[in-house]
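Asker: Got a structure for you, start.csv, holding CSV, C-alpha atoms and all ligand atoms.
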```
chain,number,residue,atom,x,y,z
T,208,MET,CA,-44.0,47.3,28.1
T,209,ASN,CA,-46.3,49.9,26.7
T,210,SER,CA,-49.6,50.0,28.5
T,211,ARG,CA,-51.4,50.6,25.2
T,212,LEU,CA,-50.7,47.0,24.4
T,213,LYS,CA,-52.3,44.8,27.1
T,214,THR,CA,-52.4,41.1,26.1
T,215,ILE,CA,-55.0,39.9,28.5
T,216,GLU,CA,-56.7,41.1,31.7
T,217,TRP,CA,-60.0,40.5,33.5
T,218,ARG,CA,-62.4,43.4,33.2
T,219,ASN,CA,-66.1,43.8,33.7
T,220,SER,CA,-66.8,40.1,34.0
T,221,CYS,CA,-64.9,39.3,30.7
T,222,ALA,CA,-61.4,38.4,29.7
T,223,ARG,CA,-60.3,41.4,27.7
T,224,ILE,CA,-57.7,40.6,25.0
T,225,ILE,CA,-56.0,42.7,22.4
T,226,ASP,CA,-56.9,41.4,18.9
T,227,GLN,CA,-53.5,40.4,17.6
T,228,THR,CA,-54.8,39.6,14.1
T,229,LEU,CA,-55.3,43.3,13.6
T,230,LEU,CA,-51.8,44.5,14.7
T,231,PRO,CA,-50.1,46.7,13.8
T,232,GLU,CA,-52.8,48.6,11.9
T,233,GLN,CA,-55.4,48.6,14.7
T,234,ILE,CA,-55.1,48.4,18.4
T,235,SER,CA,-58.5,47.0,19.3
T,236,TYR,CA,-59.7,45.0,22.2
T,237,ILE,CA,-62.2,42.1,22.4
T,238,ASP,CA,-64.3,41.3,25.5
T,239,VAL,CA,-64.3,37.5,25.6
T,240,ASP,CA,-67.3,36.5,27.7
T,241,THR,CA,-67.8,32.8,26.7
T,242,LEU,CA,-65.7,29.7,26.4
T,243,ASP,CA,-66.6,29.5,22.7
T,244,LYS,CA,-65.3,32.9,22.0
T,245,MET,CA,-62.1,32.1,23.8
T,246,TYR,CA,-61.7,28.9,21.8
T,247,HIS,CA,-62.1,30.9,18.6
T,248,ALA,CA,-59.7,33.6,19.8
T,249,ILE,CA,-57.0,31.0,20.5
T,250,LYS,CA,-57.6,29.1,17.3
T,251,ILE,CA,-57.4,32.1,15.0
T,252,LEU,CA,-54.5,33.7,16.9
T,253,GLN,CA,-56.4,36.7,18.3
T,254,ILE,CA,-54.5,35.7,21.4
T,255,ARG,CA,-51.3,33.7,20.8
T,256,GLY,CA,-47.9,32.9,22.3
T,257,ALA,CA,-47.6,29.9,24.6
T,258,PRO,CA,-47.8,31.6,28.0
T,259,ALA,CA,-50.6,33.9,26.9
T,260,ILE,CA,-52.5,30.9,25.5
T,261,GLY,CA,-52.2,29.3,29.0
T,262,VAL,CA,-53.7,32.3,30.8
T,263,ALA,CA,-56.4,32.6,28.2
T,264,ALA,CA,-57.3,28.9,28.6
T,265,ALA,CA,-57.6,29.4,32.4
T,266,TYR,CA,-60.0,32.3,32.0
T,267,GLY,CA,-61.7,30.5,29.1
T,268,LEU,CA,-62.4,27.5,31.3
T,269,TYR,CA,-63.9,29.7,34.1
T,270,LEU,CA,-66.1,31.4,31.5
T,271,GLY,CA,-67.2,27.9,30.4
T,272,VAL,CA,-68.4,26.8,33.8
T,273,ARG,CA,-69.5,30.0,35.5
T,274,ASP,CA,-73.1,29.6,34.3
T,275,PHE,CA,-73.5,26.0,35.5
T,276,ASN,CA,-76.7,26.2,37.4
T,277,ASN,CA,-77.1,23.3,39.7
T,278,ASP,CA,-75.5,24.6,42.9
T,279,ALA,CA,-75.9,21.3,44.8
T,280,ASP,CA,-74.5,18.8,42.3
T,281,ILE,CA,-70.7,19.0,42.7
T,282,ASN,CA,-70.0,15.8,40.7
T,283,ALA,CA,-72.0,17.0,37.7
T,284,PHE,CA,-70.0,20.3,38.0
T,285,LEU,CA,-66.7,18.5,38.0
T,286,LYS,CA,-67.7,16.5,34.9
T,287,HIS,CA,-68.7,19.8,33.3
T,288,VAL,CA,-65.3,21.3,34.1
T,289,ASP,CA,-63.5,18.2,32.6
T,290,ASP,CA,-65.7,18.3,29.4
T,291,ARG,CA,-65.2,22.0,28.9
T,292,ALA,CA,-61.5,21.7,29.4
T,293,GLU,CA,-61.3,18.9,26.9
T,294,TYR,CA,-63.0,21.1,24.3
T,295,LEU,CA,-60.7,24.1,24.9
T,296,ALA,CA,-57.7,21.8,24.8
T,297,SER,CA,-58.5,21.1,21.1
T,298,ALA,CA,-58.0,24.7,20.1
T,299,ARG,CA,-54.3,24.3,19.2
T,300,PRO,CA,-52.0,21.3,19.6
T,301,THR,CA,-48.3,22.5,20.1
T,302,ALA,CA,-48.1,25.0,22.9
T,303,VAL,CA,-48.1,22.8,26.0
T,304,ASN,CA,-49.0,25.8,28.2
T,305,LEU,CA,-52.6,25.3,27.0
T,306,PHE,CA,-52.7,21.8,28.4
T,307,TRP,CA,-50.7,22.8,31.5
T,308,ALA,CA,-53.2,25.6,32.4
T,309,LEU,CA,-56.2,23.4,31.8
T,310,GLY,CA,-54.7,20.5,33.7
T,311,ARG,CA,-54.0,22.9,36.7
T,312,MET,CA,-57.5,24.3,36.7
T,313,LYS,CA,-59.0,20.8,36.5
T,314,LYS,CA,-56.8,19.4,39.3
T,315,PHE,CA,-57.6,22.5,41.4
T,316,ALA,CA,-61.4,21.9,40.9
T,317,HIS,CA,-61.1,18.2,41.8
T,318,ASP,CA,-58.7,18.8,44.8
T,319,ASN,CA,-61.1,21.3,46.3
T,320,SER,CA,-64.4,19.6,45.7
T,321,GLY,CA,-64.7,17.8,49.0
T,322,GLY,CA,-66.1,18.9,52.4
T,323,GLY,CA,-69.5,19.7,51.1
T,324,ILE,CA,-68.4,22.8,49.2
T,325,SER,CA,-71.0,24.4,47.0
T,326,VAL,CA,-70.7,24.7,43.3
T,327,ASN,CA,-70.8,28.5,43.6
T,328,ALA,CA,-68.0,28.5,46.1
T,329,LEU,CA,-65.9,26.3,43.9
T,330,LYS,CA,-66.5,28.5,40.8
T,331,LYS,CA,-65.3,31.5,42.8
T,332,MET,CA,-62.1,29.5,43.7
T,333,LEU,CA,-61.6,28.6,40.1
T,334,PHE,CA,-61.7,32.2,39.1
T,335,ASP,CA,-59.1,33.0,41.8
T,336,GLU,CA,-56.9,30.2,40.4
T,337,ALA,CA,-57.1,31.8,36.9
T,338,ASN,CA,-56.1,35.1,38.4
T,339,ARG,CA,-53.1,33.4,40.1
T,340,ILE,CA,-52.0,31.9,36.8
T,341,LEU,CA,-52.0,35.4,35.3
T,342,ASP,CA,-50.1,36.8,38.2
T,343,GLU,CA,-47.5,34.1,38.2
T,344,ASP,CA,-47.0,34.6,34.5
T,345,ARG,CA,-46.1,38.2,35.1
T,346,LYS,CA,-43.6,37.3,37.8
T,347,MET,CA,-42.1,34.5,35.7
T,348,CYS,CA,-41.5,37.0,32.8
T,349,ARG,CA,-39.6,39.3,35.1
T,350,ALA,CA,-37.5,36.5,36.5
T,351,ILE,CA,-36.6,35.2,33.0
T,352,GLY,CA,-35.7,38.8,32.1
T,353,GLU,CA,-33.3,39.1,35.0
T,354,TYR,CA,-31.6,35.7,34.3
T,355,GLY,CA,-31.5,36.4,30.6
T,356,PHE,CA,-30.0,39.9,31.1
T,357,GLU,CA,-27.0,38.4,32.9
T,358,LEU,CA,-26.3,36.2,29.8
T,359,LEU,CA,-26.9,39.0,27.3
T,360,LYS,CA,-25.7,42.1,28.9
T,361,ASP,CA,-22.5,42.4,26.8
T,362,LYS,CA,-24.3,41.5,23.5
T,363,ASP,CA,-25.4,44.8,22.0
T,364,CYS,CA,-27.3,43.4,19.0
T,365,ILE,CA,-29.7,40.5,19.2
T,366,LEU,CA,-31.8,38.6,16.7
T,367,THR,CA,-35.2,37.2,17.5
T,368,HIS,CA,-37.8,35.2,15.7
T,369,CYS,CA,-41.6,35.3,15.9
T,370,ASN,CA,-43.0,37.2,18.9
T,371,ALA,CA,-42.0,36.0,22.4
T,372,GLY,CA,-42.6,39.4,24.0
T,373,GLY,CA,-45.2,41.0,26.2
T,374,LEU,CA,-47.9,40.2,23.6
T,375,ALA,CA,-47.2,36.5,23.9
T,376,THR,CA,-47.4,36.6,27.7
T,377,SER,CA,-49.2,38.7,30.2
T,378,GLU,CA,-46.3,41.1,30.6
T,379,PHE,CA,-42.6,41.5,29.4
T,380,GLY,CA,-42.5,38.2,27.5
T,381,THR,CA,-39.8,35.6,27.6
T,382,ALA,CA,-37.3,36.2,24.8
T,383,LEU,CA,-37.8,39.9,25.0
T,384,ALA,CA,-37.8,40.1,28.8
T,385,PRO,CA,-34.0,40.5,29.1
T,386,ILE,CA,-34.3,43.4,26.6
T,387,TYR,CA,-36.9,45.2,28.7
T,388,VAL,CA,-35.0,44.4,31.9
T,389,GLY,CA,-31.9,45.9,30.2
T,390,GLN,CA,-33.8,49.0,29.4
T,391,GLU,CA,-34.8,49.4,33.0
T,392,LYS,CA,-31.1,49.1,33.9
T,393,GLY,CA,-30.1,51.6,31.3
T,394,VAL,CA,-28.7,49.0,28.8
T,395,ILE,CA,-30.3,49.4,25.4
T,396,PHE,CA,-30.1,46.4,23.0
T,397,LYS,CA,-30.6,46.7,19.3
T,398,VAL,CA,-32.9,44.0,18.0
T,399,PHE,CA,-33.3,42.4,14.6
T,400,ALA,CA,-36.8,40.9,14.3
T,401,ASP,CA,-37.3,38.2,11.6
T,402,GLU,CA,-40.6,38.9,9.9
T,403,THR,CA,-41.8,35.3,10.6
T,404,ARG,CA,-43.7,34.0,7.6
T,405,PRO,CA,-46.6,33.3,7.0
T,406,LEU,CA,-48.4,35.3,9.8
T,407,LEU,CA,-45.6,37.9,10.3
T,408,GLN,CA,-45.6,37.8,14.1
T,409,GLY,CA,-42.1,39.3,14.0
T,410,ALA,CA,-42.9,42.1,11.6
T,411,ARG,CA,-46.4,42.9,13.0
T,412,ILE,CA,-46.1,42.3,16.7
T,413,THR,CA,-42.4,42.2,17.9
T,414,SER,CA,-41.5,45.3,16.0
T,415,LEU,CA,-44.6,47.1,17.3
T,416,GLU,CA,-44.1,46.3,21.0
T,417,LEU,CA,-40.4,47.0,20.9
T,418,SER,CA,-40.7,50.3,19.0
T,419,GLU,CA,-43.6,51.4,21.4
T,420,ALA,CA,-41.2,50.7,24.2
T,421,GLY,CA,-38.5,52.7,22.7
T,422,ILE,CA,-36.2,49.8,21.8
T,423,PRO,CA,-34.4,50.2,18.4
T,424,VAL,CA,-35.7,47.4,16.2
T,425,THR,CA,-35.1,46.4,12.6
T,426,VAL,CA,-37.3,44.0,10.7
T,427,ILE,CA,-35.7,41.6,8.2
T,428,CYS,CA,-37.4,39.0,6.0
T,429,ASP,CA,-36.8,35.5,7.2
T,430,ASN,CA,-34.4,34.7,4.3
T,431,MET,CA,-32.1,37.6,5.3
T,432,SER,CA,-31.0,36.3,8.7
T,433,ALA,CA,-28.0,34.3,7.3
T,434,SER,CA,-26.5,37.3,5.5
T,435,VAL,CA,-27.2,39.6,8.5
T,436,MET,CA,-25.5,37.1,10.9
T,437,ALA,CA,-22.6,36.8,8.4
T,438,THR,CA,-21.9,40.5,8.8
T,439,GLY,CA,-20.9,39.8,12.5
T,440,LYS,CA,-23.5,42.3,13.8
T,441,ILE,CA,-25.6,39.8,15.7
T,442,LYS,CA,-24.1,38.8,19.0
T,443,ALA,CA,-26.8,36.5,20.2
T,444,CYS,CA,-30.1,35.0,19.1
T,445,ILE,CA,-33.0,34.5,21.6
T,446,VAL,CA,-36.4,33.0,20.9
T,447,GLY,CA,-39.3,31.7,22.9
T,448,ALA,CA,-40.7,28.2,23.0
T,449,ASP,CA,-44.0,26.4,22.7
T,450,ARG,CA,-42.9,23.0,24.1
T,451,ILE,CA,-39.6,21.8,25.4
T,452,ALA,CA,-38.9,18.0,25.7
T,453,ALA,CA,-37.0,16.4,28.6
T,454,ASN,CA,-33.8,16.5,26.5
T,455,GLY,CA,-34.1,20.2,25.7
T,456,ASP,CA,-35.4,19.8,22.1
T,457,THR,CA,-37.5,22.9,21.6
T,458,ALA,CA,-40.6,23.5,19.4
T,459,ASN,CA,-41.1,27.1,18.5
T,460,LYS,CA,-42.5,29.1,15.5
T,461,ILE,CA,-41.6,27.7,12.1
T,462,GLY,CA,-38.2,29.0,11.0
T,463,THR,CA,-36.6,28.9,14.5
T,464,TYR,CA,-34.7,25.7,13.6
T,465,GLY,CA,-33.2,27.5,10.6
T,466,VAL,CA,-32.1,30.5,12.8
T,467,ALA,CA,-30.4,28.0,15.2
T,468,LEU,CA,-28.5,26.4,12.4
T,469,ILE,CA,-27.4,29.7,11.0
T,470,ALA,CA,-26.3,30.9,14.4
T,471,ALA,CA,-24.3,27.7,14.9
T,472,ALA,CA,-22.6,28.2,11.6
T,473,HIS,CA,-21.5,31.6,12.7
T,474,ASN,CA,-20.6,30.7,16.3
T,475,ILE,CA,-23.4,33.0,17.6
T,476,PRO,CA,-25.0,31.9,20.9
T,477,PHE,CA,-28.6,30.7,20.5
T,478,TYR,CA,-30.8,31.0,23.6
T,479,VAL,CA,-34.3,29.8,24.3
T,480,ALA,CA,-36.3,31.6,27.0
T,481,ALA,CA,-39.3,29.9,28.5
T,482,PRO,CA,-41.1,29.3,31.8
T,483,SER,CA,-41.2,25.9,33.5
T,484,SER,CA,-44.9,25.6,32.2
T,485,THR,CA,-43.5,25.2,28.7
T,486,PHE,CA,-41.5,22.1,29.5
T,487,ASP,CA,-43.1,18.7,28.8
T,488,LEU,CA,-41.1,16.3,30.8
T,489,SER,CA,-43.4,13.4,29.8
T,490,ILE,CA,-41.7,13.3,26.4
T,491,PRO,CA,-38.1,12.3,26.0
T,492,ASP,CA,-37.3,14.3,22.9
T,493,GLY,CA,-38.7,16.6,20.2
T,494,THR,CA,-39.9,13.8,17.9
T,495,HIS,CA,-42.9,13.5,20.3
T,496,ILE,CA,-44.0,17.1,20.0
T,497,PRO,CA,-47.3,17.5,18.0
T,498,ILE,CA,-46.8,20.1,15.3
T,499,GLU,CA,-49.7,22.2,14.3
T,500,GLU,CA,-50.5,22.3,10.6
T,501,ARG,CA,-52.5,25.3,9.6
T,502,GLY,CA,-54.6,26.1,6.5
T,503,ARG,CA,-53.3,26.8,3.0
T,504,GLU,CA,-54.8,30.3,3.0
T,505,GLU,CA,-52.1,31.6,5.3
T,506,VAL,CA,-49.5,30.8,2.7
T,507,ALA,CA,-51.4,31.0,-0.5
T,508,ASN,CA,-53.3,34.2,0.1
T,509,TRP,CA,-51.0,36.9,1.5
T,510,MET,CA,-52.5,38.2,4.8
T,511,GLY,CA,-55.9,37.5,3.3
T,512,THR,CA,-55.5,40.1,0.6
T,513,LYS,CA,-53.5,38.7,-2.3
T,514,LYS,CA,-53.2,35.4,-4.0
T,515,THR,CA,-49.5,34.2,-3.9
T,516,VAL,CA,-49.9,30.6,-4.9
T,517,PRO,CA,-51.9,29.3,-7.9
T,518,ASP,CA,-55.1,27.4,-6.8
T,519,LYS,CA,-54.0,24.1,-8.2
T,520,VAL,CA,-50.6,24.0,-6.3
T,521,MET,CA,-50.4,22.3,-3.0
T,522,VAL,CA,-49.3,24.1,0.2
T,523,PHE,CA,-47.7,22.7,3.3
T,524,ASN,CA,-48.0,24.9,6.4
T,525,PRO,CA,-46.5,23.5,9.6
T,526,SER,CA,-46.7,26.2,12.2
T,527,PHE,CA,-43.8,25.1,14.3
T,528,ASP,CA,-40.5,23.3,14.0
T,529,VAL,CA,-38.2,21.6,16.5
T,530,THR,CA,-34.7,22.8,17.2
T,531,PRO,CA,-32.5,20.0,18.5
T,532,SER,CA,-31.0,20.8,21.9
T,533,LYS,CA,-27.5,20.4,20.6
T,534,LEU,CA,-28.0,23.8,18.9
T,535,ILE,CA,-29.1,25.6,22.0
T,536,THR,CA,-26.6,27.4,24.1
T,537,ALA,CA,-28.8,27.7,27.2
T,538,ILE,CA,-32.5,27.6,28.1
T,539,ILE,CA,-33.5,30.5,30.3
T,540,THR,CA,-36.3,29.8,32.8
T,541,GLU,CA,-37.8,31.7,35.7
T,542,LYS,CA,-35.8,29.4,38.0
T,543,GLY,CA,-32.4,30.1,36.3
T,544,ALA,CA,-30.5,29.3,33.1
T,545,ILE,CA,-30.1,25.6,32.1
T,546,PHE,CA,-26.9,24.6,30.2
T,547,PRO,CA,-26.0,21.3,28.6
T,548,PRO,CA,-26.1,18.4,29.4
T,549,TYR,CA,-29.8,19.1,29.2
T,550,VAL,CA,-31.3,15.7,30.2
T,551,ASP,CA,-29.5,16.0,33.6
T,552,ASN,CA,-29.8,19.7,34.1
T,553,ILE,CA,-33.4,20.1,33.1
T,554,ALA,CA,-34.3,17.2,35.5
T,555,LYS,CA,-32.2,18.8,38.3
T,556,LEU,CA,-33.9,22.3,38.0
T,557,LEU,CA,-37.4,21.3,37.1
T,558,GLY,CA,-37.8,17.5,37.6
T,601,LIG,O1,-48.4,30.7,16.5
T,601,LIG,P1,-48.0,31.6,17.6
T,601,LIG,O2,-47.9,33.1,17.2
T,601,LIG,O3,-48.8,31.3,18.8
T,601,LIG,O4,-46.5,31.1,17.9
T,601,LIG,C1,-45.8,31.8,19.0
T,601,LIG,C2,-44.4,31.3,19.2
T,601,LIG,O5,-44.0,30.4,18.5
T,601,LIG,C3,-43.7,31.9,20.3
T,601,LIG,O6,-42.3,32.1,20.0
T,601,LIG,C4,-43.8,31.0,21.5
T,601,LIG,O7,-45.2,30.7,21.8
T,601,LIG,C5,-43.2,31.6,22.7
T,601,LIG,S1,-44.1,32.9,23.4
T,601,LIG,C6,-43.4,33.5,24.8
```
Before anything else, please render the file you have as C-alpha cells.
Answerer:
Amino acid sequence: MNSRLKTIEWRNSCARIIDQTLLPEQISYIDVDTLDKMYHAIKILQIRGAPAIGVAAAYGLYLGVRDFNNDADINAFLKHVDDRAEYLASARPTAVNLFWALGRMKKFAHDNSGGGISVNALKKMLFDEANRILDEDRKMCRAIGEYGFELLKDKDCILTHCNAGGLATSEFGTALAPIYVGQEKGVIFKVFADETRPLLQGARITSLELSEAGIPVTVICDNMSASVMATGKIKACIVGADRIAANGDTANKIGTYGVALIAAAHNIPFYVAAPSSTFDLSIPDGTHIPIEERGREEVANWMGTKKTVPDKVMVFNPSFDVTPSKLITAIITEKGAIFPPYVDNIAKLLG
C-alpha cells in the first residue's frame, strides 16, 4: 500500500482519517477529535469499508468518553460508555464491524471496571483497546492476503467490485490483500475494477490505491462486467463483505450479487474475503441482514454535480445486496479459507 493513502491512524490526540469523499481528486486528511465528528465521518462515507468503520468506531467511542469528568463515579462512566456507543452504532446499519467494535469496547470497559479502578485509568485502557483493534486489523489483512494468494496465484486477471482494499481497512484490505501479497512475492495480477454506482468506490478508490501501488488496473462501468467476463479474460472475482450470516450469505456493496451471478454463468470462481469480525453468527441467513437505504441525491444528482433523474421521479437506493452462499466459491478469512458446506465449516472455523 502506498503511504500517501493512510485510512486511519491516531495522531496528536485525534483520529486522523483520509477524506474518502474527495478521492481521487484530493488527498486530504481530517483530524477527528470528537465522537460527533466520527459519527458524521462514518455516515457520509469520509471513512468507509466494514473493517475501517470498526476501527473508526473504536476510536470514536474513546473520543466520546475521554472528557468525562467525574473521576470517582465508575458506574456513571460505564453508563456514558454505553450511551455513546448506542449513538455511534446508529451511524450505518449494515457493516457488522461497527457493532462488533463497539460491543468489544463496551465489554472491555465493563469487564475492567472492578477493583476500585479510577475512571481515568479505565479511559486509558479503552484507548489501548482501540489501538489493539487497529493493530489486529492490520495483521488480519495480511493473513487474508496470504490465504487468498494461495487460491488466486494462478489466476492472472481478477475482477473486483467496490473497494475492499487498504482504504477500507487499516492496511492492505481484504479482497485486494492477495493482490498486494502477490506483488511482494513478485506475482503481478491484472485487476478489473467495477466503477460501483452510485458512489463510485471502484472507480475513485480501488483504482487509485491499486495504481498508486503499481498494480495494473482497468475501470469498467458496472454494466460491462458480463461482457468482460464473457471474453474469458477474468479468471476469478474477489470482493469484500459487510456482514456474513451463519450460512455464508454475504452482504456487500450493491451490485455484488449481480457479479456473483455473472461469474457463476461463466464458471468463474467467486471469492469473498473478510475477517472473522464481519461474520454475524447470530443470524441464520442473509434475509436477516439490515440493508442500508441511502438518499435519492446519490442516484439522482451525479456526484453532487449534475441532475440525472427528473425531480418528480422516485429513486430507490439500497446500498448493499446479499449474495446467496451457493454462489460463493470460498470465503477467505484471517484464519483460513472456508469452503462449502458453509453452515458446518463456518461454525467449525469461527464458531
Ligand atoms: O458503502 P461502503 O463504501 O462502506 O461499502 C463498502 C463495501 O461494500 C466493501 O466491499 C466492504 O465494506 C468490505 S471492505 C473490506
Asker: Would you work out the distance separating CA of Pro258 in chain T from CA of Met510 in chain T, expressed in Å to one decimal?
Answerer: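 Computed distance, CA of Pro258 in chain T to CA of Met510 in chain T, equals 24.6 Å.
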Asker: Using all atoms listed in the file, which residues of chain T come within 7 Å of ligand LIG 601 (chain T), and what is the closest atom pair for each, with the distance in Å to one decimal? Give it as JSON lines, sorted by chain and residue number.
Answerer:
```
{"residue": "T:Leu252", "atom": "CA", "partner": "T:LIG601", "partner_atom": "O3", "distance": 6.5}
{"residue": "T:Arg255", "atom": "CA", "partner": "T:LIG601", "partner_atom": "O3", "distance": 4.0}
{"residue": "T:Gly256", "atom": "CA", "partner": "T:LIG601", "partner_atom": "O7", "distance": 3.5}
{"residue": "T:Ala257", "atom": "CA", "partner": "T:LIG601", "partner_atom": "O7", "distance": 3.8}
{"residue": "T:Pro258", "atom": "CA", "partner": "T:LIG601", "partner_atom": "C6", "distance": 5.8}
{"residue": "T:Ala302", "atom": "CA", "partner": "T:LIG601", "partner_atom": "O7", "distance": 6.5}
{"residue": "T:His368", "atom": "CA", "partner": "T:LIG601", "partner_atom": "O6", "distance": 7.0}
{"residue": "T:Cys369", "atom": "CA", "partner": "T:LIG601", "partner_atom": "O6", "distance": 5.2}
{"residue": "T:Asn370", "atom": "CA", "partner": "T:LIG601", "partner_atom": "O6", "distance": 5.3}
{"residue": "T:Ala371", "atom": "CA", "partner": "T:LIG601", "partner_atom": "C6", "distance": 3.7}
{"residue": "T:Gly372", "atom": "CA", "partner": "T:LIG601", "partner_atom": "C6", "distance": 6.0}
{"residue": "T:Ala375", "atom": "CA", "partner": "T:LIG601", "partner_atom": "S1", "distance": 4.8}
{"residue": "T:Thr376", "atom": "CA", "partner": "T:LIG601", "partner_atom": "C6", "distance": 5.8}
{"residue": "T:Gly380", "atom": "CA", "partner": "T:LIG601", "partner_atom": "C6", "distance": 5.5}
{"residue": "T:Thr381", "atom": "CA", "partner": "T:LIG601", "partner_atom": "C6", "distance": 5.0}
{"residue": "T:Ala382", "atom": "CA", "partner": "T:LIG601", "partner_atom": "C6", "distance": 6.7}
{"residue": "T:Gln408", "atom": "CA", "partner": "T:LIG601", "partner_atom": "O2", "distance": 6.1}
{"residue": "T:Val446", "atom": "CA", "partner": "T:LIG601", "partner_atom": "O6", "distance": 6.0}
{"residue": "T:Gly447", "atom": "CA", "partner": "T:LIG601", "partner_atom": "C5", "distance": 3.9}
{"residue": "T:Ala448", "atom": "CA", "partner": "T:LIG601", "partner_atom": "C5", "distance": 4.2}
{"residue": "T:Asp449", "atom": "CA", "partner": "T:LIG601", "partner_atom": "O7", "distance": 4.6}
{"residue": "T:Asn459", "atom": "CA", "partner": "T:LIG601", "partner_atom": "O5", "distance": 4.4}
{"residue": "T:Lys460", "atom": "CA", "partner": "T:LIG601", "partner_atom": "O5", "distance": 3.6}
{"residue": "T:Ala481", "atom": "CA", "partner": "T:LIG601", "partner_atom": "C6", "distance": 6.6}
{"residue": "T:Ser526", "atom": "CA", "partner": "T:LIG601", "partner_atom": "O1", "distance": 6.5}
{"residue": "T:Phe527", "atom": "CA", "partner": "T:LIG601", "partner_atom": "O5", "distance": 6.8}
```
Asker: May I ask which of the residues T:Glu378, T:Asp429, T:Asp487, T:Glu293 is the closest one to Glu216 in chain T, counting all atoms listed in the file?
Answerer: T:Glu378
Asker: Write out as a VMD selection string which residues come within 8 Å of range 468-473 of chain T when counting all atoms listed in the file, dropping same-chain ones fewer than 4 positions away.
Answerer: chain T and resid 432 to 433 436 to 437 444 464 477 534
Asker: For each of T:Arg339, T:Thr403, T:Cys364, T:Gln253, take the minimum atom-to-atom distance to Thr438 in chain T, counting only C-alpha atoms, then give the residue where this is smallest.
Answerer: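 Selected residue with least distance to Thr438 in chain T: T:Cys364.
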Asker: Taking 2 positions as the minimum chain separation for residues in the same chain, which residues sit within 7 Å of Tyr236 in chain T when counting all atoms listed in the file? Answer as a ChimeraX atom specification.
Answerer: /T:223-226,234,238
Asker: What lies within 12 Å of Val326 in chain T using all atoms listed in the file, ignoring chain neighbours under 4 positions off, as a list in words?
Answerer: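 In the requested form, the answer reads Val272, Arg273, Asp274, Phe275, Asn276, Asn277, Asp278, Ala279, Asp280, Ile281, Asn282, Ala283, Phe284, Leu285, His287, Val288, Ala316, His317, Asn319, Ser320, Gly321, Gly322, Lys330, Lys331, Met332 and Leu333 of chain T.
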Asker: At a cut-off of 12 Å, using only C-alpha atoms, what residues contact Thr241 in chain T? Leave out same-chain residues fewer than 3 positions from it and give the result as a list in words.
Answerer: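 Skipping anything fewer than 3 positions along the chain leaves Ser220, Cys221, Ala222, Arg223, Ile237, Asp238, Lys244, Met245, Tyr246, His247, Ala248, Ala263, Ala264, Tyr266, Gly267, Leu268, Tyr269, Leu270, Gly271, Val272, Arg273, Asp274, Arg291 and Leu295 of chain T.
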Asker: Keeping C-alpha atoms (and nothing else), can you write range 371-401 of chain T of this structure as a short mmCIF file (atom, residue, chain, number, x, y, z; two decimals), in the first residue's frame?
Answerer:
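Listed below is the output, out.cif:
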```
data_model
loop_
_atom_site.label_atom_id
_atom_site.label_comp_id
_atom_site.auth_asym_id
_atom_site.auth_seq_id
_atom_site.Cartn_x
_atom_site.Cartn_y
_atom_site.Cartn_z
CA ALA T 371 -12.22 -3.70 -0.23
CA GLY T 372 -8.63 -2.57 -0.24
CA GLY T 373 -6.35 -0.72 2.09
CA LEU T 374 -8.71 2.24 2.14
CA ALA T 375 -11.48 0.04 3.54
CA THR T 376 -9.28 -1.30 6.33
CA SER T 377 -6.24 -0.04 8.19
CA GLU T 378 -3.82 -1.61 5.70
CA PHE T 379 -3.76 -3.98 2.68
CA GLY T 380 -7.53 -4.57 2.65
CA THR T 381 -9.37 -7.85 2.36
CA ALA T 382 -10.26 -8.51 -1.30
CA LEU T 383 -7.16 -6.64 -2.50
CA ALA T 384 -4.82 -8.16 0.11
CA PRO T 385 -3.94 -11.23 -2.02
CA ILE T 386 -3.01 -8.85 -4.83
CA TYR T 387 -0.63 -6.88 -2.61
CA VAL T 388 0.81 -10.09 -1.15
CA GLY T 389 1.29 -11.33 -4.74
CA GLN T 390 3.17 -8.15 -5.60
CA GLU T 391 5.52 -8.71 -2.64
CA LYS T 392 6.18 -12.20 -3.95
CA GLY T 393 6.76 -10.96 -7.50
CA VAL T 394 3.36 -12.06 -8.88
CA ILE T 395 1.52 -9.17 -10.52
CA PHE T 396 -2.23 -9.60 -11.04
CA LYS T 397 -4.18 -7.51 -13.52
CA VAL T 398 -7.33 -6.13 -11.96
CA PHE T 399 -10.66 -5.04 -13.44
CA ALA T 400 -12.46 -2.68 -11.04
CA ASP T 401 -16.21 -2.18 -11.41
#
```
